[in-house]
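Enquirer: One file is attached below, final29.cif, containing mmCIF, C-alpha atoms.
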data_structure
#
loop_
_atom_site.label_atom_id
_atom_site.label_comp_id
_atom_site.auth_asym_id
_atom_site.auth_seq_id
_atom_site.Cartn_x
_atom_site.Cartn_y
_atom_site.Cartn_z
CA MET A 25 10.24 -6.63 -22.43
CA GLU A 26 13.21 -7.21 -24.68
CA THR A 27 16.31 -9.38 -24.70
CA ARG A 28 19.52 -7.62 -23.73
CA GLU A 29 23.10 -8.80 -23.64
CA ASP A 30 23.92 -10.71 -20.47
CA PRO A 31 25.78 -8.53 -17.95
CA ARG A 32 29.46 -9.24 -17.44
CA ILE A 33 32.20 -8.20 -15.09
CA LEU A 34 33.43 -4.75 -16.07
CA LEU A 35 35.43 -3.77 -12.99
CA PRO A 36 37.33 -5.86 -10.42
CA THR A 37 34.80 -4.84 -7.75
CA ASP A 38 31.75 -6.15 -9.68
CA ALA A 39 29.62 -9.22 -9.05
CA ILE A 40 27.10 -10.92 -11.32
CA ILE A 41 24.02 -12.35 -9.64
CA ARG A 42 21.25 -14.55 -10.98
CA LEU A 43 18.06 -13.03 -9.65
CA SER A 44 15.71 -15.22 -7.63
CA ALA A 45 13.09 -12.45 -7.50
CA THR A 46 12.66 -8.83 -8.43
CA CYS A 47 9.71 -6.43 -8.36
CA VAL A 48 8.10 -3.18 -9.43
CA CYS A 49 8.61 -0.18 -7.14
CA GLY A 50 6.22 2.70 -6.62
CA SER A 51 9.00 5.02 -7.79
CA ASP A 52 9.07 3.08 -11.10
CA LEU A 53 5.60 4.51 -11.73
CA TRP A 54 6.91 8.09 -12.03
CA PRO A 55 8.55 7.45 -15.42
CA TYR A 56 5.78 4.99 -16.35
CA ARG A 57 3.25 7.80 -15.93
CA GLY A 58 5.42 10.31 -17.75
CA VAL A 59 6.15 12.44 -14.68
CA GLU A 60 9.85 11.70 -15.22
CA ALA A 61 11.07 11.98 -18.81
CA VAL A 62 12.26 8.78 -20.50
CA ASN A 63 14.28 9.30 -23.65
CA GLY A 64 14.03 5.90 -25.26
CA PRO A 65 14.20 2.34 -23.93
CA SER A 66 15.59 2.26 -20.38
CA PRO A 67 16.57 -0.67 -18.15
CA MET A 68 14.30 -0.69 -15.11
CA GLY A 69 14.31 -2.12 -11.61
CA HIS A 70 16.43 -1.57 -8.51
CA GLU A 71 15.22 -4.23 -6.04
CA TYR A 72 16.86 -7.62 -6.16
CA VAL A 73 17.84 -10.82 -4.39
CA GLY A 74 19.66 -13.75 -5.89
CA VAL A 75 22.62 -16.07 -6.09
CA VAL A 76 26.12 -14.86 -6.90
CA GLN A 77 27.38 -16.33 -10.18
CA GLU A 78 30.72 -14.59 -10.63
CA VAL A 79 32.86 -11.97 -8.90
CA GLY A 80 35.62 -9.66 -10.04
CA SER A 81 39.24 -10.12 -9.00
CA GLY A 82 38.96 -7.35 -6.40
CA VAL A 83 35.97 -8.79 -4.54
CA GLU A 84 37.04 -10.28 -1.20
CA ASN A 85 33.95 -10.88 0.93
CA ILE A 86 31.29 -12.03 -1.54
CA ARG A 87 31.69 -15.38 -3.26
CA PRO A 88 29.84 -17.42 -5.91
CA GLY A 89 26.98 -19.51 -4.56
CA GLN A 90 25.96 -17.10 -1.83
CA PHE A 91 22.39 -15.81 -1.65
CA VAL A 92 22.64 -12.03 -1.41
CA ILE A 93 20.55 -8.89 -1.02
CA GLY A 94 21.61 -5.43 -2.12
CA SER A 95 20.32 -1.87 -2.12
CA PHE A 96 19.20 0.47 -4.90
CA PHE A 97 22.49 2.37 -4.67
CA ALA A 98 25.81 0.55 -4.84
CA SER A 99 28.20 1.77 -2.15
CA ASP A 100 31.70 0.91 -0.97
CA ASN A 101 30.54 0.89 2.70
CA THR A 102 33.99 2.15 3.73
CA CYS A 103 34.08 5.89 2.87
CA LEU A 104 33.50 8.45 5.61
CA ILE A 105 29.88 9.02 4.47
CA CYS A 106 29.14 5.28 4.51
CA ARG A 107 30.70 4.92 7.94
CA ALA A 108 28.36 7.67 9.14
CA GLY A 109 25.43 5.50 7.98
CA TYR A 110 24.48 7.23 4.74
CA GLN A 111 25.51 4.69 2.11
CA THR A 112 23.10 6.14 -0.47
CA SER A 113 25.36 9.22 -0.49
CA CYS A 114 28.54 7.15 -0.73
CA ILE A 115 31.36 9.05 -2.41
CA GLN A 116 31.50 6.25 -5.02
CA ARG A 117 27.77 5.55 -5.16
CA GLU A 118 26.25 4.17 -8.34
CA PRO A 119 22.50 3.81 -8.96
CA VAL A 120 21.44 0.24 -9.61
CA GLY A 121 18.23 1.23 -11.39
CA GLY A 122 20.13 2.18 -14.52
CA LEU A 123 21.55 -1.34 -14.66
CA GLY A 124 18.09 -2.93 -14.73
CA ALA A 125 17.24 -5.33 -11.93
CA GLN A 126 13.95 -6.35 -13.57
CA ALA A 127 15.86 -9.06 -15.37
CA GLN A 128 17.32 -12.54 -14.97
CA TYR A 129 20.88 -11.39 -14.27
CA LEU A 130 22.34 -8.22 -12.79
CA ARG A 131 25.80 -6.70 -12.53
CA VAL A 132 26.24 -5.22 -9.06
CA PRO A 133 29.06 -2.68 -8.69
CA LEU A 134 31.05 -2.37 -5.45
CA ALA A 135 29.91 -5.85 -4.51
CA ASP A 136 31.75 -6.08 -1.19
CA GLY A 137 30.10 -2.93 0.10
CA THR A 138 26.70 -3.34 -1.51
CA LEU A 139 25.74 -6.99 -1.06
CA VAL A 140 24.90 -8.77 2.18
CA ALA A 141 24.74 -12.56 2.25
CA THR A 142 22.12 -14.55 4.13
CA PRO A 143 23.29 -17.21 6.62
CA ASP A 144 22.38 -19.96 4.15
CA ASN A 145 20.21 -20.42 1.08
CA PRO A 146 16.71 -19.32 2.16
CA SER A 147 13.55 -21.36 1.80
CA ASP A 148 11.28 -20.20 -1.00
CA ASP A 149 8.75 -18.66 1.36
CA LEU A 150 11.37 -16.25 2.76
CA ILE A 151 12.38 -14.85 -0.63
CA PRO A 152 9.58 -12.23 -0.81
CA ASP A 153 10.46 -11.03 2.70
CA LEU A 154 14.14 -10.74 1.79
CA LEU A 155 13.28 -8.97 -1.46
CA ALA A 156 11.29 -6.38 0.51
CA ALA A 157 14.46 -5.65 2.52
CA SER A 158 16.21 -4.54 -0.68
CA ASP A 159 14.23 -1.29 -0.71
CA VAL A 160 10.73 -0.83 0.69
CA LEU A 161 11.38 -2.33 4.13
CA GLY A 162 14.70 -0.50 4.52
CA THR A 163 13.10 2.70 3.25
CA GLY A 164 10.16 2.46 5.64
CA TRP A 165 12.59 1.66 8.44
CA PHE A 166 14.72 4.72 7.65
CA GLY A 167 11.57 6.85 7.59
CA ALA A 168 10.80 5.67 11.12
CA VAL A 169 14.38 6.22 12.32
CA ALA A 170 14.50 9.68 10.71
CA ALA A 171 11.22 10.53 12.44
CA GLU A 172 12.75 9.52 15.79
CA VAL A 173 10.15 6.81 16.40
CA GLY A 174 10.54 5.16 19.77
CA PRO A 175 8.77 3.82 22.86
CA GLY A 176 5.84 5.89 24.02
CA LYS A 177 5.60 7.87 20.79
CA THR A 178 2.53 8.51 18.65
CA VAL A 179 3.39 8.00 14.98
CA ALA A 180 1.45 8.95 11.86
CA VAL A 181 2.24 7.42 8.47
CA VAL A 182 1.29 9.41 5.36
CA GLY A 183 1.04 7.02 2.40
CA ASP A 184 -0.33 3.48 2.17
CA GLY A 185 1.95 2.03 -0.50
CA ALA A 186 4.51 -0.63 0.32
CA VAL A 187 6.88 1.89 1.93
CA GLY A 188 4.16 3.38 4.10
CA LEU A 189 2.88 -0.01 5.18
CA LEU A 190 6.37 -1.17 6.10
CA ALA A 191 6.95 2.10 7.93
CA VAL A 192 4.04 0.97 10.11
CA LEU A 193 5.87 -2.33 10.68
CA ALA A 194 9.07 -0.45 11.51
CA ALA A 195 7.30 1.88 13.93
CA LYS A 196 5.84 -1.12 15.74
CA GLN A 197 9.25 -2.81 15.93
CA LEU A 198 10.81 0.39 17.26
CA GLY A 199 8.31 0.50 20.11
CA ALA A 200 5.75 3.12 19.08
CA GLU A 201 2.78 3.24 21.42
CA ARG A 202 0.25 4.45 18.86
CA ILE A 203 0.44 4.25 15.06
CA ILE A 204 -1.96 6.20 12.84
CA ALA A 205 -2.06 5.00 9.23
CA MET A 206 -3.59 7.20 6.54
CA SER A 207 -5.37 5.00 3.98
CA ARG A 208 -8.58 4.91 1.98
CA TYR A 209 -8.23 1.36 0.66
CA GLU A 210 -9.54 -1.55 2.70
CA PRO A 211 -6.88 -4.16 1.77
CA ARG A 212 -4.15 -1.67 2.68
CA GLN A 213 -5.93 -0.74 5.89
CA GLU A 214 -6.06 -4.42 6.83
CA LEU A 215 -2.36 -4.87 6.18
CA ALA A 216 -1.55 -1.71 8.13
CA ILE A 217 -3.47 -3.12 11.11
CA HIS A 218 -1.63 -6.44 10.69
CA TYR A 219 1.66 -4.55 10.90
CA GLY A 220 0.66 -2.65 14.03
CA ALA A 221 -1.53 0.34 13.14
CA THR A 222 -3.85 1.31 15.99
CA ASP A 223 -5.86 3.94 14.09
CA ILE A 224 -6.88 4.45 10.45
CA VAL A 225 -7.46 7.91 8.98
CA THR A 226 -9.25 7.98 5.62
CA GLU A 227 -9.27 11.75 5.15
CA ARG A 228 -6.57 13.55 3.14
CA GLY A 229 -5.09 17.05 3.06
CA ASP A 230 -6.42 19.55 5.62
CA ASP A 231 -9.16 17.11 6.66
CA GLY A 232 -6.53 14.45 7.32
CA VAL A 233 -4.48 16.88 9.40
CA ALA A 234 -7.57 17.81 11.41
CA ARG A 235 -8.34 14.15 12.06
CA ILE A 236 -4.81 13.45 13.29
CA LYS A 237 -5.02 16.51 15.54
CA ASP A 238 -8.33 15.16 16.91
CA LEU A 239 -6.63 11.87 17.73
CA THR A 240 -3.71 13.58 19.49
CA ASP A 241 -5.40 16.07 21.82
CA GLY A 242 -5.04 18.84 19.29
CA VAL A 243 -1.22 18.88 19.17
CA GLY A 244 -0.24 16.36 16.48
CA ALA A 245 1.96 13.28 16.41
CA HIS A 246 5.45 13.01 17.87
CA SER A 247 6.68 11.38 14.66
CA VAL A 248 5.32 11.49 11.11
CA ILE A 249 6.61 9.38 8.22
CA GLU A 250 6.06 10.84 4.75
CA ALA A 251 6.02 8.04 2.16
CA VAL A 252 4.55 9.58 -1.01
CA GLY A 253 6.62 12.48 -2.33
CA THR A 254 3.98 15.05 -3.32
CA GLN A 255 3.35 18.60 -2.14
CA GLU A 256 0.17 17.52 -0.36
CA SER A 257 1.78 14.58 1.42
CA MET A 258 4.71 16.69 2.63
CA MET A 259 2.49 19.48 3.95
CA THR A 260 0.13 16.95 5.53
CA SER A 261 3.13 15.46 7.30
CA ILE A 262 4.51 18.77 8.56
CA ARG A 263 1.10 20.01 9.71
CA SER A 264 0.34 16.71 11.47
CA THR A 265 3.50 16.94 13.60
CA ARG A 266 3.49 18.57 17.02
CA PRO A 267 5.99 21.36 17.79
CA GLY A 268 9.31 19.73 18.55
CA GLY A 269 8.28 16.59 16.65
CA HIS A 270 10.00 14.93 13.72
CA VAL A 271 9.10 14.24 10.09
CA GLY A 272 10.97 11.43 8.34
CA TYR A 273 10.45 11.89 4.61
CA VAL A 274 11.26 9.03 2.26
CA GLY A 275 8.81 9.55 -0.61
CA VAL A 276 10.78 10.57 -3.72
CA ALA A 277 9.95 14.28 -3.91
CA HIS A 278 8.32 15.65 -7.07
CA ASP A 279 7.77 19.42 -7.25
CA VAL A 280 7.73 19.76 -3.46
CA GLN A 281 8.26 23.32 -2.20
CA LEU A 282 8.48 24.16 1.48
CA PRO A 283 6.93 27.42 2.79
CA GLY A 284 9.75 28.94 4.80
CA GLU A 285 7.70 31.01 7.22
CA GLU A 286 5.32 28.19 8.12
CA LEU A 287 8.19 25.78 8.57
CA PHE A 288 10.06 28.32 10.72
CA PHE A 289 7.19 28.70 13.17
CA SER A 290 6.26 25.02 13.21
CA HIS A 291 9.27 23.92 15.29
CA VAL A 292 9.21 20.66 13.29
CA HIS A 293 12.38 18.69 12.51
CA LEU A 294 12.75 17.41 8.92
CA HIS A 295 15.07 14.57 7.98
CA GLY A 296 14.99 12.08 5.14
CA GLY A 297 16.10 11.37 1.60
CA PRO A 298 17.16 8.20 -0.23
CA ALA A 299 17.12 5.54 2.48
CA PRO A 300 20.55 4.14 3.41
CA VAL A 301 19.16 0.61 3.19
CA ARG A 302 22.65 -0.91 3.50
CA ARG A 303 22.87 0.47 7.06
CA PHE A 304 19.89 -1.62 8.12
CA LEU A 305 20.28 -4.75 5.98
CA PRO A 306 22.14 -6.98 8.49
CA ASP A 307 19.55 -6.38 11.22
CA LEU A 308 16.61 -6.67 8.83
CA ILE A 309 17.92 -9.93 7.40
CA ASP A 310 18.27 -11.27 10.94
CA LEU A 311 14.67 -10.34 11.81
CA ILE A 312 13.41 -11.97 8.60
CA TRP A 313 15.59 -15.06 8.94
CA ASN A 314 14.26 -15.65 12.44
CA ARG A 315 10.69 -15.03 11.20
CA GLN A 316 10.08 -12.10 13.52
CA ILE A 317 8.70 -9.90 10.73
CA ASP A 318 6.88 -10.65 7.46
CA PRO A 319 7.41 -7.66 5.11
CA GLY A 320 6.79 -9.84 2.04
CA LYS A 321 3.03 -9.54 2.61
CA VAL A 322 3.16 -6.25 0.67
CA PHE A 323 3.54 -8.37 -2.49
CA ASP A 324 -0.08 -9.07 -3.33
CA LEU A 325 0.47 -9.97 -7.00
CA THR A 326 3.13 -12.30 -8.41
CA LEU A 327 3.81 -12.49 -12.14
CA PRO A 328 6.46 -14.00 -14.40
CA LEU A 329 9.05 -11.48 -15.53
CA GLU A 330 7.66 -11.62 -19.07
CA GLN A 331 4.43 -10.03 -17.75
CA ALA A 332 6.17 -7.03 -16.16
CA ALA A 333 4.03 -4.65 -18.22
CA GLU A 334 0.89 -6.04 -16.55
CA GLY A 335 2.60 -5.56 -13.19
CA TYR A 336 3.16 -1.87 -13.90
CA LYS A 337 -0.44 -1.50 -15.04
CA ALA A 338 -1.81 -3.22 -11.93
CA MET A 339 0.15 -0.95 -9.62
CA ASP A 340 -0.70 2.16 -11.63
CA GLU A 341 -4.40 1.30 -11.36
CA ARG A 342 -4.03 0.49 -7.63
CA ARG A 343 -5.12 -3.10 -8.21
CA ALA A 344 -1.92 -4.21 -6.50
CA ILE A 345 0.13 -2.81 -3.63
CA LYS A 346 3.38 -4.23 -4.98
CA VAL A 347 4.13 -6.72 -7.75
CA LEU A 348 6.75 -9.45 -7.40
CA LEU A 349 8.31 -10.65 -10.66
CA ASN A 350 9.71 -14.17 -11.05
CA PRO A 351 12.64 -14.22 -13.52
#
Using the file provided, produce a representation of the structure as structure tokens.

Expert:
Amino acid sequence: METREDPRILLPTDAIIRLSATCVCGSDLWPYRGVEAVNGPSPMGHEYVGVVQEVGSGVENIRPGQFVIGSFFASDNTCLICRAGYQTSCIQREPVGGLGAQAQYLRVPLADGTLVATPDNPSDDLIPDLLAASDVLGTGWFGAVAAEVGPGKTVAVVGDGAVGLLAVLAAKQLGAERIIAMSRYEPRQELAIHYGATDIVTERGDDGVARIKDLTDGVGAHSVIEAVGTQESMMTSIRSTRPGGHVGYVGVAHDVQLPGEELFFSHVHLHGGPAPVRRFLPDLIDLIWNRQIDPGKVFDLTLPLEQAAEGYKAMDERRAIKVLLNP
């Protein structure tokens, strides 16, 4: 941790928010572990909720005093890509991670398009749930939507981190009949069951595929959500999907290569990428506000911001599913 200059308005479309909570993401562990190169000190963090302190002269819909939630990509929410529901590919998109949301204050670009205000200031117990909506809930939800989850479907979720667990929640909310969660860790298994999992598979790789086939009369799941981002998790997902089924992949891919011939003959649909969280935020906020879902349970360790390094270590060592940081 180090002290940086307080953020300030740089463009008329900016807002400054005072963070009420932030957290460590599983994708933050890639640079932490050295899988992604880091060339010197880098601001970290892309999940955030807080109170608006100041807005630029061009901001029309967001005002100081509002409690707001944003996504890990800033977007104008008006371009033709945003209007199609893919705000993380906005023509003007700007990654928030480089601005450093693991902090006390954050400059949010394109505030009108990026931030969504809650109906009122939330009670303290809702803040973890709302923070989850900033990334992991929206990402799990997109994974389920991309996998065409719906009533009567059998769904498998590959990955038991926060995104995978909240993909289970999303699948349940979207009406899945059966939800198979792949997990070896008892606390994560328990949370998966809480969120709606009907079956737990502890095996991985080919053994995991075989187990899912056993559970689905030998044909595989209708929908599979890939929430890890490795070669093994992607191939497990594709091979666990029945012909004509759908894989929704939301794990940040690292050295994933797809075998063309196998994919060709699998008849499996693939769709995914950086989740357009902004598309889902209004509905997710409504579900949380009315206490219909409790995604904040994925935060099983809370630390002061000054102990962020311990938070990274705990997640790296799998002692925590997800760490909430109090600024």

Enquirer: In terms of the shortest atom-to-atom distance over only C-alpha atoms, which of A:Leu34, A:Leu189, A:Val169, A:Ile204 is closest to Ala251 (chain A)?

Expert: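 Residue with the minimum atom-to-atom distance to Ala251 (chain A): A:Leu189.
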
Enquirer: Nearest to Ile249 (chain A) among A:Val76, A:Ile236, A:Ile217, A:Ala168, with distances taken over all atoms listed in the file: which residue is it?

Expert: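 Looking at the shortest contact to Ile249 (chain A), the residue is A:Ala168.
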
Enquirer: Which of these, A:Leu325, A:Ala205, A:Ile312, A:Val301, has the shortest distance to Cys106 (chain A) once you count only C-alpha atoms?

Expert: A:Val301

Enquirer: Quick one: which residues end up in the PyMOL selection byres ((chain A and resi 193) around 8) for this structure, as an MDAnalysis selection string?

Expert: chainID A and resid 189:192 194:197 216 219:220 319

Enquirer: Do you know which residues are at most 10 Å from Gln90 (chain A) counting only C-alpha atoms, after dropping those on the same chain fewer than 6 positions away, and could you put them as a list of chain:residue names?

Expert: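 Those residues are A:Ile41, A:Gly74, A:Val75, A:Val76, A:Gln77, A:Val140, A:Ala141, A:Thr142, A:Pro143, A:Asp144, A:Asn145.
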
Enquirer: CA of Glu118 (chain A) and CA of Asp100 (chain A) are how many Å apart?

Expert: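 If I compute the distance from CA of Glu118 (chain A) to CA of Asp100 (chain A), I get 9.7 Å.
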
Enquirer: Using CA of Ser113 (chain A) and CA of Asp52 (chain A) as the two end points, give the distance in Å to one decimal.

Expert: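 Distance reported for this atom pair: 20.4 Å.
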
Enquirer: Which one is closest to Gly335 (chain A): A:Phe166, A:Cys49, A:Asp149, A:Asp238? Count all atoms listed in the file.

Expert: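 Among A:Phe166, A:Cys49, A:Asp149, A:Asp238, it is A:Cys49 that comes nearest to Gly335 (chain A).
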
Enquirer: Suppose you want the space between CA of Gly124 (chain A) and CA of Asp148 (chain A); what is it in Å?

Expert: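 Interatomic distance, CA of Gly124 (chain A) to CA of Asp148 (chain A): 23.1 Å.
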
Enquirer: Tell me which of A:Asn63, A:Thr163, A:Gln111, A:Asn101 sits closest to Ala299 (chain A), counting all atoms listed in the file.

Expert: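 Using all atoms listed in the file, the shortest distance to Ala299 (chain A) belongs to A:Thr163.
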
Enquirer: List, as a ChimeraX atom specification, every residue that the PyMOL selection byres ((chain A and resi 270-274) around 9) selects in the file provided.

Expert: /A:163-164,166-173,187,245-253,258,261-262,265-269,275-277,292-299

Enquirer: Given 3 Å on each side, where is the centre and what are the edge lengths in Å to one decimal of the axis-aligned box enclosing the listed atoms of region 273-289 of chain A, as lines of an AutoDock Vina configuration file?

Expert:
center_x = 8.3
center_y = 20.0
center_z = 3.0
size_x = 11.9
size_y = 28.0
size_z = 26.4

Enquirer: So which residues touch Gln116 (chain A) within 12 Å, counting all atoms listed in the file, skipping near sequence neighbours fewer than 5 positions away, as a PyMOL selection string?

Expert: chain A and resi 37+97-106+111+133-134+137-138

Enquirer: Could you name the residues that touch Leu43 (chain A) at 12 Å or less, counting all atoms listed in the file, but leaving out those on the same chain fewer than 4 positions away, as an MDAnalysis selection string?

Expert: chainID A and resid 47 69:77 90:94 124:132 151 155 329 349:351

Enquirer: Residue by residue, what does the PyMOL selection byres ((chain A and resi 318) around 9) grab here? Present the result as a list in words.

Expert: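 Selection result, ordered by chain and number: Leu150, Pro152, Asp153, Leu193, Tyr219, Leu311, Ile312, Arg315, Gln316, Ile317, Pro319, Gly320, Lys321 and Val322 of chain A.
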
Enquirer: Taking (4.3, 20.3, -3.5) as a centre in this file's frame and 10 Å as the limit, can you find every polymer residue with an atom that close, using all atoms listed in the file, and give them as a list in words?

Expert: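 These residues have at least one counted atom within 10 Å: Gly253, Thr254, Gln255, Glu256, Ser257, Met258, Met259, Ala277, His278, Asp279, Val280, Gln281, Leu282 and Pro283 of chain A.
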
Enquirer: Closest to Ala221 (chain A) among A:Gly122, A:Pro300, A:Gly188, A:Gly89, using only C-alpha atoms?

Expert: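 Of A:Gly122, A:Pro300, A:Gly188, A:Gly89, the one nearest Ala221 (chain A) is A:Gly188, counting only C-alpha atoms.
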
Enquirer: Give me the residues within 7 Å of Glu330 (chain A) as a PDB file with C-alpha atoms, keeping the file's coordinate frame, counting all atoms listed in the file and dropping any in the same chain fewer than 2 places off.

Expert:
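Saved result, result_35.pdb, follows:
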ATOM      1  CA  MET A  25      10.240  -6.630 -22.430  1.00  0.00           C
ATOM      2  CA  PRO A 328       6.460 -14.000 -14.400  1.00  0.00           C
ATOM      3  CA  ALA A 332       6.170  -7.030 -16.160  1.00  0.00           C
TER       4      ALA A 332
END
